[in-house]
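This is protein_29.cif. It holds mmCIF, C-alpha atoms and all ligand atoms.
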data_structure
#
loop_
_atom_site.label_atom_id
_atom_site.label_comp_id
_atom_site.auth_asym_id
_atom_site.auth_seq_id
_atom_site.Cartn_x
_atom_site.Cartn_y
_atom_site.Cartn_z
CA MET A 1 -0.68 -71.52 13.25
CA ILE A 2 -1.13 -69.18 10.29
CA PRO A 3 0.69 -70.62 7.25
CA PHE A 4 1.80 -68.54 4.32
CA ASN A 5 -0.50 -70.34 1.91
CA LYS A 6 -3.31 -72.88 2.08
CA PRO A 7 -4.84 -74.56 -0.98
CA PHE A 8 -8.63 -74.51 -1.00
CA ILE A 9 -11.67 -76.08 -2.62
CA ILE A 10 -14.59 -73.80 -3.38
CA GLY A 11 -17.10 -75.63 -5.58
CA LYS A 12 -17.38 -78.76 -7.65
CA GLU A 13 -13.66 -79.64 -7.85
CA LEU A 14 -14.09 -83.19 -6.56
CA SER A 15 -17.27 -84.01 -8.41
CA TYR A 16 -15.77 -82.75 -11.68
CA ILE A 17 -12.74 -84.97 -11.12
CA GLU A 18 -15.11 -87.89 -10.58
CA GLU A 19 -16.96 -86.94 -13.75
CA ALA A 20 -13.70 -86.82 -15.72
CA VAL A 21 -12.66 -90.24 -14.44
CA LYS A 22 -16.07 -91.78 -15.18
CA SER A 23 -16.07 -90.31 -18.70
CA GLY A 24 -13.35 -92.80 -19.57
CA LYS A 25 -10.82 -90.17 -20.64
CA ILE A 26 -8.38 -88.70 -18.18
CA SER A 27 -5.47 -87.83 -20.46
CA GLY A 28 -5.37 -84.34 -21.95
CA ASP A 29 -7.53 -82.30 -24.34
CA GLY A 30 -10.85 -83.72 -23.16
CA ILE A 31 -13.99 -81.85 -22.14
CA PHE A 32 -12.55 -80.02 -19.12
CA THR A 33 -9.35 -78.91 -20.87
CA LYS A 34 -11.51 -77.39 -23.62
CA LYS A 35 -13.93 -75.80 -21.13
CA CYS A 36 -11.03 -74.07 -19.37
CA GLN A 37 -9.54 -72.83 -22.65
CA THR A 38 -12.88 -71.46 -23.85
CA PHE A 39 -13.50 -69.80 -20.50
CA PHE A 40 -10.26 -67.83 -20.70
CA GLU A 41 -10.61 -66.99 -24.39
CA GLN A 42 -14.07 -65.55 -23.80
CA LYS A 43 -13.50 -63.80 -20.49
CA TYR A 44 -10.23 -62.07 -21.34
CA SER A 45 -10.47 -61.90 -25.17
CA PHE A 46 -7.39 -64.09 -25.50
CA PRO A 47 -7.15 -65.16 -29.19
CA LYS A 48 -5.91 -68.67 -28.31
CA VAL A 49 -5.29 -70.50 -25.05
CA LEU A 50 -3.68 -73.90 -24.53
CA MET A 51 -3.67 -75.43 -21.07
CA THR A 52 -0.30 -76.71 -19.83
CA THR A 53 0.90 -78.50 -16.72
CA SER A 54 2.59 -75.36 -15.37
CA CYS A 55 3.58 -71.78 -16.13
CA THR A 56 7.13 -73.09 -16.47
CA ASP A 57 5.94 -75.35 -19.32
CA ALA A 58 4.15 -72.43 -20.95
CA LEU A 59 7.34 -70.36 -20.80
CA GLU A 60 9.31 -73.23 -22.31
CA MET A 61 6.77 -73.45 -25.12
CA ALA A 62 7.09 -69.70 -25.67
CA ALA A 63 10.88 -70.03 -25.91
CA ILE A 64 10.47 -72.69 -28.63
CA LEU A 65 7.89 -70.53 -30.44
CA CYS A 66 10.34 -67.58 -30.41
CA ASP A 67 12.84 -69.95 -32.05
CA ILE A 68 15.54 -69.21 -29.52
CA LYS A 69 18.99 -70.32 -30.69
CA PRO A 70 22.25 -70.44 -28.72
CA GLY A 71 23.63 -66.94 -28.36
CA ASP A 72 20.30 -65.12 -28.64
CA GLU A 73 19.82 -62.64 -25.83
CA VAL A 74 16.72 -62.56 -23.67
CA ILE A 75 15.97 -59.68 -21.32
CA VAL A 76 14.54 -60.80 -17.97
CA PRO A 77 14.13 -58.94 -14.68
CA SER A 78 16.64 -60.05 -12.08
CA TYR A 79 13.91 -60.05 -9.43
CA THR A 80 11.82 -63.01 -10.57
CA PHE A 81 11.23 -66.73 -10.28
CA VAL A 82 13.86 -68.95 -11.92
CA SER A 83 11.48 -70.19 -14.63
CA SER A 84 11.30 -66.76 -16.32
CA ALA A 85 15.01 -67.22 -17.14
CA ASN A 86 15.38 -71.02 -17.22
CA ALA A 87 12.87 -71.51 -20.02
CA PHE A 88 15.11 -69.51 -22.37
CA ALA A 89 18.43 -70.70 -20.93
CA LEU A 90 17.31 -74.26 -21.77
CA ARG A 91 17.31 -73.27 -25.45
CA GLY A 92 20.80 -71.79 -25.22
CA ALA A 93 19.87 -68.14 -24.76
CA LYS A 94 22.12 -65.71 -22.95
CA ILE A 95 20.04 -64.22 -20.14
CA VAL A 96 20.47 -60.48 -19.69
CA PHE A 97 19.22 -59.40 -16.29
CA VAL A 98 17.68 -55.95 -15.91
CA ASP A 99 16.69 -53.98 -12.84
CA SER A 100 13.30 -53.17 -11.31
CA TYR A 101 11.98 -49.69 -10.61
CA PRO A 102 13.16 -48.32 -7.25
CA ASN A 103 9.66 -48.45 -5.73
CA ASN A 104 8.14 -51.36 -7.58
CA PRO A 105 9.64 -54.80 -8.32
CA ASN A 106 8.51 -54.69 -11.98
CA ILE A 107 11.10 -54.34 -14.77
CA ASP A 108 12.00 -50.75 -15.65
CA PRO A 109 11.59 -50.08 -19.42
CA ALA A 110 14.34 -47.43 -19.37
CA GLU A 111 16.74 -50.12 -18.13
CA ILE A 112 15.51 -52.55 -20.80
CA GLU A 113 16.45 -50.18 -23.61
CA LYS A 114 20.00 -49.78 -22.28
CA HIS A 115 20.49 -53.56 -22.55
CA ILE A 116 19.13 -54.14 -26.07
CA THR A 117 21.80 -55.29 -28.55
CA LYS A 118 21.77 -56.78 -32.07
CA LYS A 119 21.44 -60.21 -30.47
CA THR A 120 18.38 -59.39 -28.34
CA LYS A 121 15.39 -61.48 -29.34
CA VAL A 122 12.88 -61.41 -26.47
CA ILE A 123 11.78 -59.24 -23.56
CA VAL A 124 10.14 -61.08 -20.65
CA PRO A 125 8.10 -58.68 -18.49
CA VAL A 126 7.02 -60.33 -15.22
CA HIS A 127 3.86 -58.81 -13.75
CA TYR A 128 4.99 -58.98 -10.15
CA ALA A 129 2.18 -59.45 -7.61
CA GLY A 130 -0.23 -59.34 -10.55
CA ILE A 131 0.45 -55.62 -11.03
CA ALA A 132 1.07 -54.73 -14.68
CA CYS A 133 4.48 -53.80 -16.03
CA ASP A 134 4.39 -50.71 -18.25
CA MET A 135 3.28 -52.67 -21.31
CA GLU A 136 2.86 -49.65 -23.58
CA GLU A 137 6.53 -48.72 -23.12
CA ILE A 138 7.62 -52.34 -23.46
CA MET A 139 5.59 -52.94 -26.65
CA ASN A 140 6.98 -49.71 -28.12
CA LEU A 141 10.51 -51.02 -27.52
CA ALA A 142 9.55 -54.38 -29.02
CA HIS A 143 8.27 -52.69 -32.20
CA LYS A 144 11.24 -50.35 -32.42
CA TYR A 145 13.78 -53.20 -32.17
CA ASN A 146 11.66 -56.01 -33.65
CA LEU A 147 11.59 -58.20 -30.52
CA PHE A 148 9.21 -60.76 -29.12
CA VAL A 149 7.46 -60.05 -25.84
CA VAL A 150 6.63 -63.00 -23.59
CA GLU A 151 4.58 -61.94 -20.56
CA ASP A 152 5.30 -63.97 -17.44
CA ALA A 153 1.77 -63.54 -16.15
CA ALA A 154 2.05 -66.37 -13.60
CA GLN A 155 0.63 -64.10 -10.89
CA ALA A 156 -1.52 -61.92 -13.11
CA ILE A 157 -4.84 -63.65 -13.70
CA ASP A 158 -7.75 -61.19 -13.86
CA SER A 159 -5.53 -58.13 -14.01
CA TYR A 160 -5.55 -55.34 -16.60
CA TYR A 161 -3.42 -52.64 -18.22
CA THR A 162 -4.76 -49.33 -19.55
CA PHE A 163 -2.96 -47.77 -22.53
CA SER A 164 -2.58 -44.00 -22.85
CA ASP A 165 -5.45 -43.87 -25.38
CA GLY A 166 -7.74 -45.40 -22.75
CA THR A 167 -7.86 -48.94 -24.18
CA ARG A 168 -7.87 -51.52 -21.40
CA LYS A 169 -6.52 -55.02 -22.02
CA ALA A 170 -6.18 -58.08 -19.82
CA LEU A 171 -2.62 -58.92 -18.83
CA GLY A 172 -1.55 -61.81 -20.99
CA SER A 173 -3.25 -60.39 -24.10
CA ILE A 174 -0.59 -57.77 -24.92
CA GLY A 175 2.72 -59.53 -25.71
CA HIS A 176 3.13 -62.14 -28.45
CA PHE A 177 2.79 -64.90 -25.86
CA ALA A 178 1.92 -65.10 -22.18
CA ALA A 179 2.29 -67.75 -19.49
CA PHE A 180 -0.02 -68.17 -16.48
CA SER A 181 0.21 -70.42 -13.43
CA PHE A 182 -2.42 -72.32 -11.45
CA HIS A 183 0.06 -73.58 -8.88
CA GLU A 184 -1.48 -73.84 -5.43
CA THR A 185 0.06 -70.52 -4.36
CA LYS A 186 -1.74 -68.49 -7.06
CA ASN A 187 -5.23 -66.93 -7.04
CA ILE A 188 -6.90 -69.73 -9.01
CA ILE A 189 -5.42 -73.15 -8.37
CA ALA A 190 -5.17 -76.66 -9.77
CA GLY A 191 -2.26 -78.00 -7.69
CA GLU A 192 0.16 -77.72 -10.57
CA GLY A 193 -1.18 -76.16 -13.73
CA GLY A 194 -0.73 -73.41 -16.26
CA MET A 195 -1.58 -72.08 -19.69
CA ILE A 196 0.00 -70.36 -22.64
CA VAL A 197 -1.80 -67.54 -24.43
CA ILE A 198 -0.94 -67.05 -28.10
CA ASN A 199 -1.86 -63.57 -29.25
CA ASP A 200 -0.32 -63.75 -32.72
CA SER A 201 -2.36 -66.04 -35.01
CA ARG A 202 0.72 -67.00 -37.05
CA TYR A 203 1.76 -69.20 -34.12
CA PHE A 204 -1.53 -71.01 -33.35
CA ASP A 205 -0.72 -74.20 -35.25
CA ARG A 206 2.88 -74.44 -34.17
CA ALA A 207 1.90 -73.97 -30.51
CA GLU A 208 -0.48 -76.90 -30.75
CA ILE A 209 2.22 -79.08 -32.30
CA ILE A 210 4.85 -78.15 -29.69
CA ARG A 211 2.41 -79.00 -26.91
CA GLU A 212 1.69 -82.40 -28.51
CA LYS A 213 5.32 -83.64 -28.38
CA GLY A 214 6.13 -82.13 -31.77
CA THR A 215 3.39 -84.07 -33.59
CA ASN A 216 0.41 -82.88 -35.61
CA ARG A 217 -1.87 -85.08 -33.52
CA SER A 218 -4.41 -82.31 -32.86
CA ALA A 219 -4.86 -81.65 -36.60
CA PHE A 220 -5.26 -85.42 -37.09
CA PHE A 221 -8.06 -85.60 -34.53
CA ARG A 222 -9.80 -82.71 -36.26
CA GLY A 223 -9.59 -84.67 -39.51
CA GLU A 224 -7.30 -82.11 -41.17
CA VAL A 225 -4.55 -84.64 -41.94
CA ASN A 226 -4.93 -88.39 -42.47
CA LYS A 227 -1.99 -89.49 -40.31
CA TYR A 228 0.07 -87.86 -37.65
CA GLY A 229 3.81 -87.85 -37.09
CA TRP A 230 6.84 -85.96 -35.88
CA VAL A 231 6.84 -82.53 -37.52
CA ASP A 232 8.63 -80.16 -35.11
CA LEU A 233 10.29 -79.79 -31.71
CA GLY A 234 7.97 -80.44 -28.81
CA SER A 235 7.43 -81.98 -25.44
CA SER A 236 4.74 -83.25 -23.11
CA PHE A 237 3.10 -80.02 -21.97
CA LEU A 238 -0.53 -81.15 -21.91
CA PRO A 239 -2.26 -81.44 -18.51
CA SER A 240 -4.52 -84.36 -17.68
CA GLU A 241 -8.29 -83.93 -17.47
CA ILE A 242 -8.03 -84.35 -13.69
CA ILE A 243 -6.13 -81.07 -13.42
CA SER A 244 -8.47 -79.26 -15.79
CA ALA A 245 -11.54 -80.62 -13.97
CA PHE A 246 -10.27 -79.17 -10.69
CA LEU A 247 -9.39 -75.89 -12.37
CA TYR A 248 -12.75 -75.53 -14.09
CA ALA A 249 -14.54 -75.70 -10.75
CA GLN A 250 -12.37 -72.84 -9.54
CA LEU A 251 -13.09 -70.84 -12.68
CA GLU A 252 -16.82 -71.11 -12.04
CA ASN A 253 -16.08 -69.25 -8.79
CA LEU A 254 -13.54 -66.78 -10.11
CA GLU A 255 -15.51 -63.69 -9.17
CA ILE A 256 -16.16 -64.87 -5.62
CA ILE A 257 -12.48 -65.74 -5.17
CA GLN A 258 -11.33 -62.39 -6.53
CA LYS A 259 -13.80 -60.43 -4.38
CA LYS A 260 -12.62 -62.22 -1.25
CA ARG A 261 -8.93 -61.73 -2.12
CA LEU A 262 -9.49 -58.04 -2.70
CA GLU A 263 -11.11 -57.74 0.73
CA ILE A 264 -8.07 -59.43 2.30
CA TRP A 265 -5.74 -57.11 0.38
CA ASN A 266 -7.65 -54.00 1.43
CA ARG A 267 -7.69 -55.07 5.07
CA TYR A 268 -3.90 -55.41 5.07
CA GLN A 269 -3.58 -52.07 3.32
CA SER A 270 -5.73 -50.19 5.82
CA GLY A 271 -4.20 -51.98 8.81
CA LEU A 272 -0.63 -51.16 7.78
CA ILE A 273 -0.91 -47.77 6.09
CA SER A 274 0.03 -45.89 9.26
CA LEU A 275 3.40 -47.70 9.27
CA GLN A 276 4.01 -46.42 5.76
CA GLN A 277 3.11 -42.91 6.89
CA LYS A 278 5.68 -43.25 9.69
CA GLY A 279 8.27 -44.29 7.09
CA VAL A 280 9.10 -47.70 8.59
CA ILE A 281 7.74 -49.78 5.71
CA SER A 282 6.42 -49.22 2.19
CA LEU A 283 3.30 -50.81 0.79
CA PRO A 284 2.76 -51.99 -2.79
CA GLU A 285 2.59 -49.26 -5.40
CA ILE A 286 -0.13 -49.62 -8.01
CA PRO A 287 0.56 -47.39 -11.04
CA SER A 288 -2.46 -45.62 -12.59
CA TYR A 289 -2.29 -47.88 -15.69
CA ALA A 290 -2.58 -51.07 -13.59
CA THR A 291 -5.36 -52.84 -11.70
CA ASN A 292 -4.92 -54.84 -8.53
CA ASN A 293 -5.82 -58.56 -8.79
CA ALA A 294 -4.98 -59.11 -5.10
CA HIS A 295 -2.47 -61.84 -5.82
CA MET A 296 -0.15 -60.91 -3.01
CA PHE A 297 0.30 -58.50 -0.16
CA TYR A 298 3.88 -57.54 0.49
CA ILE A 299 5.63 -54.94 2.58
CA VAL A 300 9.10 -53.54 1.97
CA LEU A 301 11.11 -52.90 5.12
CA ASN A 302 13.90 -50.35 5.38
CA ASN A 303 16.68 -52.91 5.72
CA TYR A 304 17.57 -56.59 5.90
CA GLU A 305 18.01 -56.64 9.70
CA GLU A 306 14.50 -55.29 10.35
CA ARG A 307 13.05 -57.84 7.95
CA THR A 308 14.91 -60.71 9.63
CA GLY A 309 13.70 -59.44 13.00
CA LEU A 310 10.09 -59.23 11.88
CA ILE A 311 10.14 -62.75 10.37
CA GLN A 312 11.56 -64.07 13.65
CA TYR A 313 9.01 -62.12 15.71
CA LEU A 314 6.06 -63.44 13.67
CA LYS A 315 7.38 -67.03 13.61
CA GLU A 316 7.58 -67.04 17.40
CA LYS A 317 3.84 -66.28 17.29
CA ASP A 318 3.28 -69.07 14.77
CA ILE A 319 2.72 -66.83 11.76
CA HIS A 320 4.66 -67.67 8.62
CA PRO A 321 5.45 -64.86 6.22
CA VAL A 322 7.92 -65.54 3.41
CA PHE A 323 10.52 -63.63 1.51
CA HIS A 324 11.44 -64.88 -1.94
CA TYR A 325 13.28 -64.12 -5.15
CA LEU A 326 16.96 -63.84 -4.59
CA SER A 327 18.25 -61.61 -7.42
CA LEU A 328 18.99 -64.11 -10.18
CA ASN A 329 22.18 -62.27 -11.15
CA LYS A 330 23.51 -63.34 -7.74
CA SER A 331 22.52 -66.99 -8.14
CA ASP A 332 25.18 -69.72 -8.12
CA PHE A 333 24.06 -70.94 -11.53
CA PHE A 334 24.42 -67.53 -13.18
CA LEU A 335 27.68 -66.68 -11.43
CA ALA A 336 29.26 -69.97 -12.54
CA ASP A 337 29.50 -68.54 -16.09
CA ASN A 338 29.09 -64.80 -15.69
CA PRO A 339 30.82 -61.97 -13.88
CA GLU A 340 29.14 -60.34 -10.92
CA ILE A 341 26.97 -57.37 -11.90
CA ASP A 342 25.26 -54.76 -9.79
CA ILE A 343 21.45 -54.65 -9.94
CA PRO A 344 20.61 -52.46 -6.95
CA HIS A 345 16.81 -52.25 -6.87
CA SER A 346 16.45 -55.99 -7.35
CA ASP A 347 18.91 -56.50 -4.48
CA HIS A 348 16.89 -54.13 -2.33
CA PHE A 349 13.72 -56.20 -2.84
CA THR A 350 15.73 -59.38 -2.27
CA ASP A 351 16.79 -58.06 1.14
CA CYS A 352 13.75 -56.12 2.28
CA LEU A 353 10.52 -57.44 0.74
CA LEU A 354 8.25 -59.63 2.85
CA ARG A 355 5.10 -61.44 1.69
CA LEU A 356 2.33 -61.81 4.25
CA PRO A 357 0.10 -64.90 4.62
CA PHE A 358 -2.53 -64.69 1.88
CA TYR A 359 -5.10 -67.35 0.97
CA TYR A 360 -8.79 -67.63 0.28
CA GLU A 361 -9.65 -69.02 3.72
CA LEU A 362 -7.62 -66.52 5.76
CA SER A 363 -10.10 -65.21 8.35
CA GLU A 364 -10.51 -61.61 9.47
CA THR A 365 -9.52 -62.61 13.01
CA GLU A 366 -6.30 -64.21 11.77
CA GLN A 367 -5.57 -61.24 9.58
CA ASP A 368 -6.17 -58.77 12.39
CA ARG A 369 -3.73 -60.72 14.53
CA ILE A 370 -1.05 -60.46 11.84
CA ILE A 371 -1.68 -56.72 11.41
CA GLU A 372 -1.60 -56.10 15.15
CA LEU A 373 1.66 -58.01 15.58
CA ILE A 374 3.38 -56.15 12.74
CA ASN A 375 2.33 -52.85 14.29
CA SER A 376 3.57 -53.92 17.70
CA TYR A 377 6.92 -55.08 16.25
CA PHE A 378 7.57 -51.57 14.98
CA LYS A 379 6.56 -50.06 18.35
CA VAL A 380 9.18 -52.27 19.98
CA ILE A 381 11.97 -51.49 17.52
CA THR A 382 11.31 -47.75 17.34
CA ILE A 383 11.51 -47.50 21.15
CA SER A 384 14.70 -49.57 21.49
C1 LIG A 401 4.70 -69.17 -9.83
C2 LIG A 401 5.54 -68.50 -10.84
C3 LIG A 401 6.10 -69.19 -11.93
C4 LIG A 401 6.05 -70.68 -12.04
O1 LIG A 401 4.79 -71.21 -12.14
P1 LIG A 401 4.63 -72.81 -12.18
O2 LIG A 401 3.20 -72.97 -12.60
O3 LIG A 401 4.90 -73.31 -10.81
O4 LIG A 401 5.57 -73.32 -13.19
C5 LIG A 401 6.80 -68.48 -12.89
N1 LIG A 401 6.96 -67.15 -12.79
C6 LIG A 401 6.44 -66.45 -11.77
C7 LIG A 401 6.62 -64.98 -11.72
C8 LIG A 401 5.72 -67.11 -10.75
O5 LIG A 401 5.22 -66.40 -9.72
#
Spell out the structure here as structure tokens.
Ligand SMILES: *Cc1c(COP(=O)(O)O)cnc(C)c1O
Amino acid sequence: MIPFNKPFIIGKELSYIEEAVKSGKISGDGIFTKKCQTFFEQKYSFPKVLMTTSCTDALEMAAILCDIKPGDEVIVPSYTFVSSANAFALRGAKIVFVDSYPNNPNIDPAEIEKHITKKTKVIVPVHYAGIACDMEEIMNLAHKYNLFVVEDAAQAIDSYYTFSDGTRKALGSIGHFAAFSFHETKNIIAGEGGMIVINDSRYFDRAEIIREKGTNRSAFFRGEVNKYGWVDLGSSFLPSEIISAFLYAQLENLEIIQKKRLEIWNRYQSGLISLQQKGVISLPEIPSYATNNAHMFYIVLNNYEERTGLIQYLKEKDIHPVFHYLSLNKSDFFLADNPEIDIPHSDHFTDCLLRLPFYYELSETEQDRIIELINSYFKVITIS
């Protein structure tokens, strides 16, 4: 059986958890939480990082930081995970769904501009498969219309964007805020886990307060105030030391993990490229401004029927690929209050995109079997 995903342990995860427990402090903001935050701040030049229990939490924090009020409009790609929209909907925002590029699931900046109104407050670029959205274009729009940018960088750890002047920046360091995930399906895992990056120093203090249930507890522990109390909106977004201990062990092995994932990605690419040349599938497109962090390998089939057939064919051989993201503009929740709208490229990915099994421990033999079966599926269907 080859599953779609398999969580893994690579280093000192379990001994760090033991260490955290024995230290006598397993709630949040202990040694491991701080080690993780410092690691990210140093490695990716993030001005401020706060660990959270998920990317969803980090997005919800970002929505509070943007001061979303009922009626504000937030631009989100239709082809994304529910949290990119939910975090803002929870604060009363009207979600405005925008299409992807035709050949790349990322949000198309030209489509964003068409949907900006006086009520627009935030753009949420989602770096699909860890491949950068066109951040230069998006930041230009944000400056032109005075909008916040919240990067949904759930899949985008260790990925970069190069601006036209040659400056290269880590994804997550470009918008006002960014949200990352360490869910077990991502490159670096902690079971459930996430972080928010705050790139604008005006929001450092407020972010800390929101994460601490709306209290100034962190300032109190630093001795900056002599009592702490309720000062703002907030919730319980702080992960326990057990999560951070696990995560820190993964971070110590980040380069090894990324090297291995890139090898897996390249093996899929070279094993399937001939199918792209024959025009039966397309492979991921990596624009020249983006790097590849090997988060995911997907193929896009020519139609829904061929995708359904391939899933069936692989499942019979005990291989479990997955499709995901159903255009959010077609979701029951959105349609309950909104008219149906046409978002064609997002619908195309909804119907035709397929994610192949991808995890740290996927062996070359297993991968070769997957590649061989996909090739043989297309031999069968092109003959019949
Ligand atoms: C995984 C994912 C999320 C949610 O991450 P959690 O840590 O599970 O909350 C949000 N957005 C995108 C694009 C994701 O891939």
Distance criterion (all atoms listed in the file): nearest to Asp134 of chain A out of A:Gln276, A:Thr365, A:Ser164, A:Gln155: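 Nearest candidate to Asp134 of chain A out of A:Gln276, A:Thr365, A:Ser164, A:Gln155: A:Ser164.
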Please, which residues in chain A fall within 8 Å of ligand LIG 401 (chain A) when counting all atoms listed in the file, and what is the closest atom pair and distance in Å to one decimal for each, ordered by chain then residue number, as a tab-separated table?
residue	atom	partner	partner_atom	distance
A:Thr53	CA	A:LIG401	O2	7.3
A:Ser54	CA	A:LIG401	O2	3.7
A:Cys55	CA	A:LIG401	O2	3.7
A:Thr56	CA	A:LIG401	O4	3.6
A:Asp57	CA	A:LIG401	O4	6.5
A:Ala58	CA	A:LIG401	O4	7.9
A:Thr80	CA	A:LIG401	C7	5.7
A:Phe81	CA	A:LIG401	N1	5.0
A:Val82	CA	A:LIG401	C5	7.1
A:Ser83	CA	A:LIG401	C5	5.3
A:Ser84	CA	A:LIG401	N1	5.6
A:Val126	CA	A:LIG401	C7	5.8
A:His127	CA	A:LIG401	C7	7.1
A:Tyr128	CA	A:LIG401	C7	6.4
A:Ala129	CA	A:LIG401	O5	7.9
A:Asp152	CA	A:LIG401	N1	5.9
A:Ala153	CA	A:LIG401	C7	6.7
A:Ala154	CA	A:LIG401	C8	4.7
A:Gln155	CA	A:LIG401	O5	5.3
A:Phe180	CA	A:LIG401	O2	7.0
A:Ser181	CA	A:LIG401	O2	4.0
A:Phe182	CA	A:LIG401	O2	5.8
A:His183	CA	A:LIG401	O2	4.9
A:Thr185	CA	A:LIG401	C1	7.3
A:Lys186	CA	A:LIG401	C1	7.0
A:Glu192	CA	A:LIG401	O2	6.0
A:Gly193	CA	A:LIG401	O2	5.5
A:Gly194	CA	A:LIG401	O2	5.4
Have a look at atom CA of Ile112 of chain A and atom CA of Val98 of chain A and let me know their distance in Å, one decimal. 6.3 Å
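Distances from A:Glu241, A:Glu224, A:Glu285, A:Glu340 to Ala190 of chain A were compared using only C-alpha atoms, and the smallest one belongs to A:Glu241.
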Pick the closest to Glu364 of chain A from A:Arg307, A:Lys43, A:Lys260, A:His143: which is it, counting all atoms listed in the file?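 Among A:Arg307, A:Lys43, A:Lys260, A:His143, it is A:Lys260 that comes nearest to Glu364 of chain A.
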Option closest in space to Val231 of chain A, from A:Gln269, A:Thr215, A:Gln367, A:Asn302 [counting only C-alpha atoms]: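 Nearest candidate to Val231 of chain A out of A:Gln269, A:Thr215, A:Gln367, A:Asn302: A:Thr215.
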